[in-house]
Amino acid sequence: MKNIVVGLDIGTTKIAVIVAQKNEYGKLEILGYGNAPSAGIMRGSVMNIDKTVESIKAAIEEAEMRSHQKIKNVYVGIAGQHIKSFQRRSEVIRTSDEEITHIEVEDFIALMEKIQVEPGEEILHVIPQEFIVDGISGIKDPVGMSGRLLAANFHIITGQTSAIKNIMRSVQKAGLTVKDLILEPLASASSVLDDKDYLAGVALVDIGGGTTDIAIYHDDVLRHTAVIALGGNIITEDIQGGCVIIEPQAKKLKEKFGSALASENKEDAIISIPGLRGRPPKEISLKNLSGIIQARMEDILENVLYEIKASGFEKKLIAGIVLTGGGAMLRHVAQLTEFVTHMDTRIGYPNEHLSASEKNEPIANPIFATGVGLVMWGLEKETPMEIVEETDEISVETTDAQSPKTATTPKKQKSSLFSKVSFGLGNVKGILEKFMNEIEDEE
């Protein structure tokens, strides 16, 4: 009796669906996946619901065909330039100095989920960074300690209400049920980082099509998140304008011949691309092509470095920078990152948690880092599912997952994959329930 979980990554350039379960060794077994060009999405936000629905359906159909599963429930990633975060300190005075309980900590986090945020925004995640008991700071888990004053520093992540609703409506119109919403850089981090990275300090940089998402960890705690409104698409646009070619040609040039370091290309290296409707072929210097790419990548990386400095952990990230997402596939991007930031850099592949199977090889790619992370998130939360027969069409019906507050108590976080997200996953369940109520009211 194994859980089957589906992750849905709604990106600016692609919609990725991954269907997976854990094998007997605790590794991910990919049952199937789907990948479709994204339409209706701009910089991580839904701009056209109908087009987005069609893209989701196309990816889902491919995943169903490969996995022989009928997909109903999905764990959905959320990102985009509307995502914000801030720090907040709060405290509660206890009526006695008896031992602090799990319930008290959960109630404390629940209070933070109800704080006022800017109009038009919703709280997605409430993440305790440290607890303070009677003035003693640096406590990760206060359960079992005694004290009258319980305080904590929280990292709070919000999203625009309209953007959240548009994602929810798109998924629901595609005939799916959202089990949970997860901030995408947190999902990506879970699939490409290990425990040593989290402890030593690391900056996860997910370079997507529309945005670049950052999650900074230190001492096993999420310290800073940020979204930069620049991604791979802006590089494609620069190539299109600089080389005077059409968008599909610019994208292929970037993917097949692009490099983030112009110095790595010879002066006389030329690529010829077909002309339009009877026009002669166009010759493009690979050095000039890489020069365009390098200039824009430097812009992105300068913004990344600014966020790392703003976090206050620039000198504490022993594990350096881990690049993932489609943008991490550019040749020499790690070298350029080290040059701009003066920090050790590697490319993050979501292969550590995958089983050694040929079927998993296409997924062991930075492009699927978020999708793999979403599946891992879901597998941590899911309760045992009903036993189903393996046929060509299996209905994946799971029991209701535990609520975020129940599934992420401090005690369970000790051994949970998502201890780096700490005890509170925020107000996601409330957002989902509120959305479903609105749908029923409209009907």
# chains A, B, ... in the order shown; residues from 1 in each chain; ligands from 1

$ select_by_dssp --residues "region 333-366 of chain A" --states "alpha helix (DSSP H)" --output "list in words"
Val333, Ala334, Gln335, Leu336, Thr337, Glu338, Phe339, Val340 and Thr341 of chain A

$ select_by_dssp --residues "region 195-354 of chain A" --states "strand (DSSP E or B)" --output "PyMOL selection string"
chain A and resi 202-207+212-218+221-228+259+270-273+282-285+321-324+331+345-347+354

$ write_last_selection --atoms "N, CA, C and O atoms" --output "short mmCIF file (atom, residue, chain, number, x, y, z; two decimals), in the first residue's frame"
data_model
loop_
_atom_site.label_atom_id
_atom_site.label_comp_id
_atom_site.auth_asym_id
_atom_site.auth_seq_id
_atom_site.Cartn_x
_atom_site.Cartn_y
_atom_site.Cartn_z
N VAL A 202 23.44 27.95 2.56
CA VAL A 202 23.40 27.85 1.11
C VAL A 202 22.36 28.79 0.54
O VAL A 202 21.35 29.09 1.20
N ALA A 203 22.62 29.28 -0.67
CA ALA A 203 21.64 30.08 -1.40
C ALA A 203 21.15 29.27 -2.59
O ALA A 203 21.94 28.96 -3.50
N LEU A 204 19.88 28.88 -2.57
CA LEU A 204 19.27 28.17 -3.68
C LEU A 204 18.75 29.20 -4.67
O LEU A 204 17.94 30.07 -4.31
N VAL A 205 19.22 29.14 -5.91
CA VAL A 205 18.82 30.09 -6.95
C VAL A 205 18.18 29.31 -8.09
O VAL A 205 18.85 28.57 -8.81
N ASP A 206 16.88 29.46 -8.24
CA ASP A 206 16.10 28.76 -9.26
C ASP A 206 15.82 29.74 -10.40
O ASP A 206 14.99 30.64 -10.28
N ILE A 207 16.53 29.54 -11.52
CA ILE A 207 16.39 30.45 -12.67
C ILE A 207 15.34 29.89 -13.60
O ILE A 207 15.58 28.96 -14.37
N THR A 212 13.49 34.62 -11.28
CA THR A 212 14.56 33.89 -10.59
C THR A 212 14.22 33.92 -9.11
O THR A 212 14.10 34.99 -8.51
N ASP A 213 14.03 32.73 -8.54
CA ASP A 213 13.60 32.60 -7.14
C ASP A 213 14.78 32.24 -6.26
O ASP A 213 15.63 31.41 -6.64
N ILE A 214 14.82 32.84 -5.07
CA ILE A 214 15.95 32.64 -4.16
C ILE A 214 15.44 32.18 -2.80
O ILE A 214 14.46 32.72 -2.28
N ALA A 215 16.11 31.18 -2.24
CA ALA A 215 15.84 30.74 -0.87
C ALA A 215 17.18 30.56 -0.18
O ALA A 215 18.03 29.80 -0.66
N ILE A 216 17.38 31.26 0.93
CA ILE A 216 18.65 31.21 1.64
C ILE A 216 18.46 30.50 2.97
O ILE A 216 17.57 30.84 3.76
N TYR A 217 19.30 29.49 3.22
CA TYR A 217 19.23 28.69 4.43
C TYR A 217 20.55 28.81 5.20
O TYR A 217 21.62 28.93 4.61
N HIS A 218 20.43 28.75 6.52
CA HIS A 218 21.63 28.69 7.38
C HIS A 218 21.26 28.02 8.69
O HIS A 218 20.19 28.30 9.25
N VAL A 221 17.79 26.40 8.91
CA VAL A 221 16.59 27.25 8.98
C VAL A 221 16.53 28.15 7.74
O VAL A 221 17.55 28.69 7.30
N LEU A 222 15.33 28.31 7.18
CA LEU A 222 15.12 29.25 6.09
C LEU A 222 15.27 30.66 6.62
O LEU A 222 14.55 31.07 7.53
N ARG A 223 16.17 31.43 6.03
CA ARG A 223 16.46 32.77 6.53
C ARG A 223 15.93 33.89 5.64
O ARG A 223 15.64 34.98 6.12
N HIS A 224 15.84 33.62 4.34
CA HIS A 224 15.48 34.72 3.43
C HIS A 224 14.92 34.13 2.14
O HIS A 224 15.40 33.10 1.66
N THR A 225 13.88 34.76 1.60
CA THR A 225 13.35 34.39 0.29
C THR A 225 13.17 35.66 -0.54
O THR A 225 12.93 36.74 0.01
N ALA A 226 13.29 35.52 -1.84
CA ALA A 226 13.13 36.68 -2.73
C ALA A 226 12.79 36.20 -4.13
O ALA A 226 13.10 35.06 -4.52
N VAL A 227 12.15 37.07 -4.89
CA VAL A 227 11.82 36.80 -6.28
C VAL A 227 12.34 37.95 -7.13
O VAL A 227 12.05 39.12 -6.85
N ILE A 228 13.13 37.61 -8.13
CA ILE A 228 13.67 38.61 -9.07
C ILE A 228 12.88 38.49 -10.37
O ILE A 228 12.75 37.40 -10.93
N SER A 259 26.22 30.31 -24.34
CA SER A 259 27.17 30.20 -23.24
C SER A 259 27.09 31.47 -22.42
O SER A 259 26.84 32.55 -22.94
N ILE A 270 31.09 30.55 -36.15
CA ILE A 270 29.89 31.12 -36.76
C ILE A 270 28.82 30.04 -36.88
O ILE A 270 29.12 28.88 -37.21
N ILE A 271 27.58 30.43 -36.64
CA ILE A 271 26.45 29.53 -36.84
C ILE A 271 25.53 30.15 -37.90
O ILE A 271 25.27 31.36 -37.88
N SER A 272 25.06 29.34 -38.82
CA SER A 272 24.19 29.83 -39.88
C SER A 272 22.77 29.33 -39.63
O SER A 272 22.56 28.13 -39.40
N ILE A 273 21.81 30.24 -39.65
CA ILE A 273 20.41 29.85 -39.44
C ILE A 273 19.61 30.21 -40.69
O ILE A 273 19.94 31.16 -41.41
N LYS A 282 21.18 33.58 -42.27
CA LYS A 282 21.82 34.61 -41.44
C LYS A 282 22.95 33.98 -40.64
O LYS A 282 22.78 32.93 -40.02
N GLU A 283 24.11 34.60 -40.71
CA GLU A 283 25.26 34.10 -39.97
C GLU A 283 25.42 34.88 -38.67
O GLU A 283 25.38 36.11 -38.67
N ILE A 284 25.59 34.13 -37.58
CA ILE A 284 25.67 34.74 -36.25
C ILE A 284 26.95 34.27 -35.56
O ILE A 284 27.24 33.07 -35.52
N SER A 285 27.71 35.19 -35.05
CA SER A 285 28.92 34.87 -34.31
C SER A 285 28.56 34.30 -32.94
O SER A 285 27.79 34.91 -32.19
N ILE A 321 26.45 28.73 -3.48
CA ILE A 321 25.24 28.90 -4.29
C ILE A 321 24.97 27.62 -5.05
O ILE A 321 25.88 26.99 -5.60
N VAL A 322 23.70 27.21 -5.08
CA VAL A 322 23.27 26.08 -5.90
C VAL A 322 22.27 26.60 -6.93
O VAL A 322 21.23 27.15 -6.57
N LEU A 323 22.62 26.44 -8.20
CA LEU A 323 21.76 26.90 -9.30
C LEU A 323 20.90 25.75 -9.79
O LEU A 323 21.38 24.62 -9.95
N THR A 324 19.62 26.02 -10.03
CA THR A 324 18.75 25.01 -10.61
C THR A 324 17.72 25.70 -11.50
O THR A 324 17.75 26.92 -11.67
N ARG A 331 25.48 26.73 -20.60
CA ARG A 331 26.89 26.38 -20.43
C ARG A 331 27.64 27.52 -19.74
O ARG A 331 27.39 28.69 -20.00
N THR A 345 29.98 27.66 -6.43
CA THR A 345 28.71 27.43 -7.12
C THR A 345 28.69 26.05 -7.75
O THR A 345 29.70 25.59 -8.29
N ARG A 346 27.54 25.41 -7.66
CA ARG A 346 27.34 24.15 -8.38
C ARG A 346 25.93 24.13 -8.96
O ARG A 346 25.06 24.91 -8.55
N ILE A 347 25.72 23.22 -9.91
CA ILE A 347 24.40 23.04 -10.50
C ILE A 347 23.65 21.99 -9.70
O ILE A 347 24.19 20.92 -9.37
N LEU A 354 16.08 10.23 -6.33
CA LEU A 354 15.45 9.35 -7.31
C LEU A 354 16.06 7.96 -7.25
O LEU A 354 17.26 7.80 -7.01
#

$ atom_distance --atom1 "CA of Ile292 (chain A)" --atom2 "CA of Ile308 (chain A)"
24.8 Å

$ closest_residue --among "A:Gln69, A:Asn3, A:Thr341, A:Asn35" --to "Val17 (chain A)" --atoms "only C-alpha atoms"
A:Asn35

$ residues_around --residues "Gly258 (chain A)" --least-positions-apart "6" --cutoff "8 Å" --atoms "only C-alpha atoms" --output "list in words"
Leu286, Leu289, Ser290, Ile293, Leu330 and Arg331 of chain A

$ closest_atom_pairs --of "region 257-361 of chain A" --to "region 189-200 of chain A" --cutoff "8 Å" --atoms "only C-alpha atoms" --output "CSV"
residue,atom,partner,partner_atom,distance
A:Lys316,CA,A:Ala200,CA,7.8
A:Leu317,CA,A:Ala200,CA,6.4
A:Ile318,CA,A:Ala200,CA,5.3
A:Ala319,CA,A:Asp197,CA,5.6
A:Thr324,CA,A:Val192,CA,7.9
A:Gly348,CA,A:Val192,CA,5.1
A:Tyr349,CA,A:Val192,CA,5.5
A:Pro350,CA,A:Val192,CA,4.9
A:Asn351,CA,A:Val192,CA,7.5
A:Glu352,CA,A:Val192,CA,7.3
A:His353,CA,A:Ser191,CA,7.0

$ residues_around --residues "region 81-83 of chain A" --least-positions-apart "3" --cutoff "10 Å" --atoms "only C-alpha atoms" --output "list in words"
Met42, Arg43, Gly44, Ser45, Ile78, Glu121, Glu122, Ile123, Leu124, Ile157, Thr158, Gly159, Gln160, Thr161, Ser162, Ala163, Ile164, Leu183, Gly210, Thr211, Thr212, Asp213, Thr225, Ala226, Val227, Ile228, Ala229 and Leu230 of chain A

$ atom_distance --atom1 "CA of Ile4 (chain A)" --atom2 "CA of Ala16 (chain A)"
16.6 Å

$ residues_around --residues "Phe108 (chain A)" --least-positions-apart "5" --cutoff "10 Å" --atoms "only C-alpha atoms" --output "PyMOL selection string"
chain A and resi 90-92+102-103+113+150-152+424

$ residues_around --residues "Glu237 (chain A)" --least-positions-apart "3" --cutoff "12 Å" --atoms "only C-alpha atoms" --output "PDB file with N, CA and C atoms, in the first residue's frame"
ATOM      1  N   GLY A 209      11.800  30.612 -16.320  1.00  0.00           N
ATOM      2  CA  GLY A 209      11.590  31.360 -17.546  1.00  0.00           C
ATOM      3  C   GLY A 209      11.235  32.815 -17.305  1.00  0.00           C
ATOM      4  N   GLY A 210      10.375  33.067 -16.300  1.00  0.00           N
ATOM      5  CA  GLY A 210       9.918  34.428 -16.050  1.00  0.00           C
ATOM      6  C   GLY A 210      10.554  35.099 -14.865  1.00  0.00           C
ATOM      7  N   LEU A 230      13.321  38.646 -13.352  1.00  0.00           N
ATOM      8  CA  LEU A 230      14.129  38.398 -14.546  1.00  0.00           C
ATOM      9  C   LEU A 230      14.386  36.908 -14.626  1.00  0.00           C
ATOM     10  N   GLY A 231      14.283  36.360 -15.836  1.00  0.00           N
ATOM     11  CA  GLY A 231      14.530  34.934 -16.006  1.00  0.00           C
ATOM     12  C   GLY A 231      15.022  34.630 -17.404  1.00  0.00           C
ATOM     13  N   GLY A 232      14.908  33.373 -17.794  1.00  0.00           N
ATOM     14  CA  GLY A 232      15.428  32.943 -19.084  1.00  0.00           C
ATOM     15  C   GLY A 232      14.766  33.613 -20.269  1.00  0.00           C
ATOM     16  N   ASN A 233      13.498  33.987 -20.139  1.00  0.00           N
ATOM     17  CA  ASN A 233      12.805  34.612 -21.268  1.00  0.00           C
ATOM     18  C   ASN A 233      13.420  35.945 -21.670  1.00  0.00           C
ATOM     19  N   ILE A 234      13.910  36.706 -20.694  1.00  0.00           N
ATOM     20  CA  ILE A 234      14.498  38.004 -21.025  1.00  0.00           C
ATOM     21  C   ILE A 234      15.794  37.823 -21.813  1.00  0.00           C
ATOM     22  N   GLN A 240      16.919  37.717 -29.502  1.00  0.00           N
ATOM     23  CA  GLN A 240      16.029  38.009 -30.622  1.00  0.00           C
ATOM     24  C   GLN A 240      16.279  39.407 -31.170  1.00  0.00           C
ATOM     25  N   GLY A 241      16.391  40.378 -30.255  1.00  0.00           N
ATOM     26  CA  GLY A 241      16.628  41.749 -30.696  1.00  0.00           C
ATOM     27  C   GLY A 241      18.048  41.980 -31.176  1.00  0.00           C
ATOM     28  N   GLY A 242      19.023  41.407 -30.472  1.00  0.00           N
ATOM     29  CA  GLY A 242      20.417  41.631 -30.822  1.00  0.00           C
ATOM     30  C   GLY A 242      20.834  40.965 -32.114  1.00  0.00           C
ATOM     31  N   CYS A 243      20.231  39.806 -32.411  1.00  0.00           N
ATOM     32  CA  CYS A 243      20.587  39.070 -33.626  1.00  0.00           C
ATOM     33  C   CYS A 243      19.568  39.274 -34.749  1.00  0.00           C
ATOM     34  N   VAL A 244      18.498  40.011 -34.465  1.00  0.00           N
ATOM     35  CA  VAL A 244      17.426  40.301 -35.426  1.00  0.00           C
ATOM     36  C   VAL A 244      16.889  38.988 -36.015  1.00  0.00           C
ATOM     37  N   ILE A 245      16.384  38.142 -35.162  1.00  0.00           N
ATOM     38  CA  ILE A 245      15.796  36.869 -35.574  1.00  0.00           C
ATOM     39  C   ILE A 245      14.472  36.691 -34.845  1.00  0.00           C
ATOM     40  N   ILE A 246      13.740  35.639 -35.218  1.00  0.00           N
ATOM     41  CA  ILE A 246      12.444  35.416 -34.582  1.00  0.00           C
ATOM     42  C   ILE A 246      12.630  34.644 -33.276  1.00  0.00           C
ATOM     43  N   GLU A 247      11.600  34.676 -32.431  1.00  0.00           N
ATOM     44  CA  GLU A 247      11.705  34.115 -31.086  1.00  0.00           C
ATOM     45  C   GLU A 247      12.063  32.620 -31.053  1.00  0.00           C
ATOM     46  N   PRO A 248      11.445  31.751 -31.875  1.00  0.00           N
ATOM     47  CA  PRO A 248      11.821  30.335 -31.833  1.00  0.00           C
ATOM     48  C   PRO A 248      13.297  30.112 -32.171  1.00  0.00           C
ATOM     49  N   GLN A 249      13.829  30.885 -33.123  1.00  0.00           N
ATOM     50  CA  GLN A 249      15.243  30.762 -33.469  1.00  0.00           C
ATOM     51  C   GLN A 249      16.127  31.212 -32.314  1.00  0.00           C
ATOM     52  N   ALA A 250      15.718  32.297 -31.653  1.00  0.00           N
ATOM     53  CA  ALA A 250      16.500  32.806 -30.522  1.00  0.00           C
ATOM     54  C   ALA A 250      16.542  31.782 -29.398  1.00  0.00           C
ATOM     55  N   LYS A 251      15.431  31.122 -29.151  1.00  0.00           N
ATOM     56  CA  LYS A 251      15.376  30.119 -28.084  1.00  0.00           C
ATOM     57  C   LYS A 251      16.265  28.931 -28.397  1.00  0.00           C
ATOM     58  N   LEU A 253      18.884  28.886 -30.415  1.00  0.00           N
ATOM     59  CA  LEU A 253      20.277  29.327 -30.346  1.00  0.00           C
ATOM     60  C   LEU A 253      20.779  29.309 -28.905  1.00  0.00           C
ATOM     61  N   LYS A 254      19.956  29.835 -28.005  1.00  0.00           N
ATOM     62  CA  LYS A 254      20.345  29.888 -26.602  1.00  0.00           C
ATOM     63  C   LYS A 254      20.560  28.490 -26.039  1.00  0.00           C
ATOM     64  N   ILE A 292      25.803  38.556 -25.583  1.00  0.00           N
ATOM     65  CA  ILE A 292      24.439  38.982 -25.242  1.00  0.00           C
ATOM     66  C   ILE A 292      23.951  38.227 -24.009  1.00  0.00           C
ATOM     67  N   ILE A 293      24.169  36.917 -24.005  1.00  0.00           N
ATOM     68  CA  ILE A 293      23.724  36.089 -22.884  1.00  0.00           C
ATOM     69  C   ILE A 293      24.447  36.489 -21.598  1.00  0.00           C
ATOM     70  N   ARG A 296      23.131  39.762 -19.912  1.00  0.00           N
ATOM     71  CA  ARG A 296      21.865  39.637 -19.191  1.00  0.00           C
ATOM     72  C   ARG A 296      22.012  38.745 -17.963  1.00  0.00           C
TER      73      ARG A 296
END
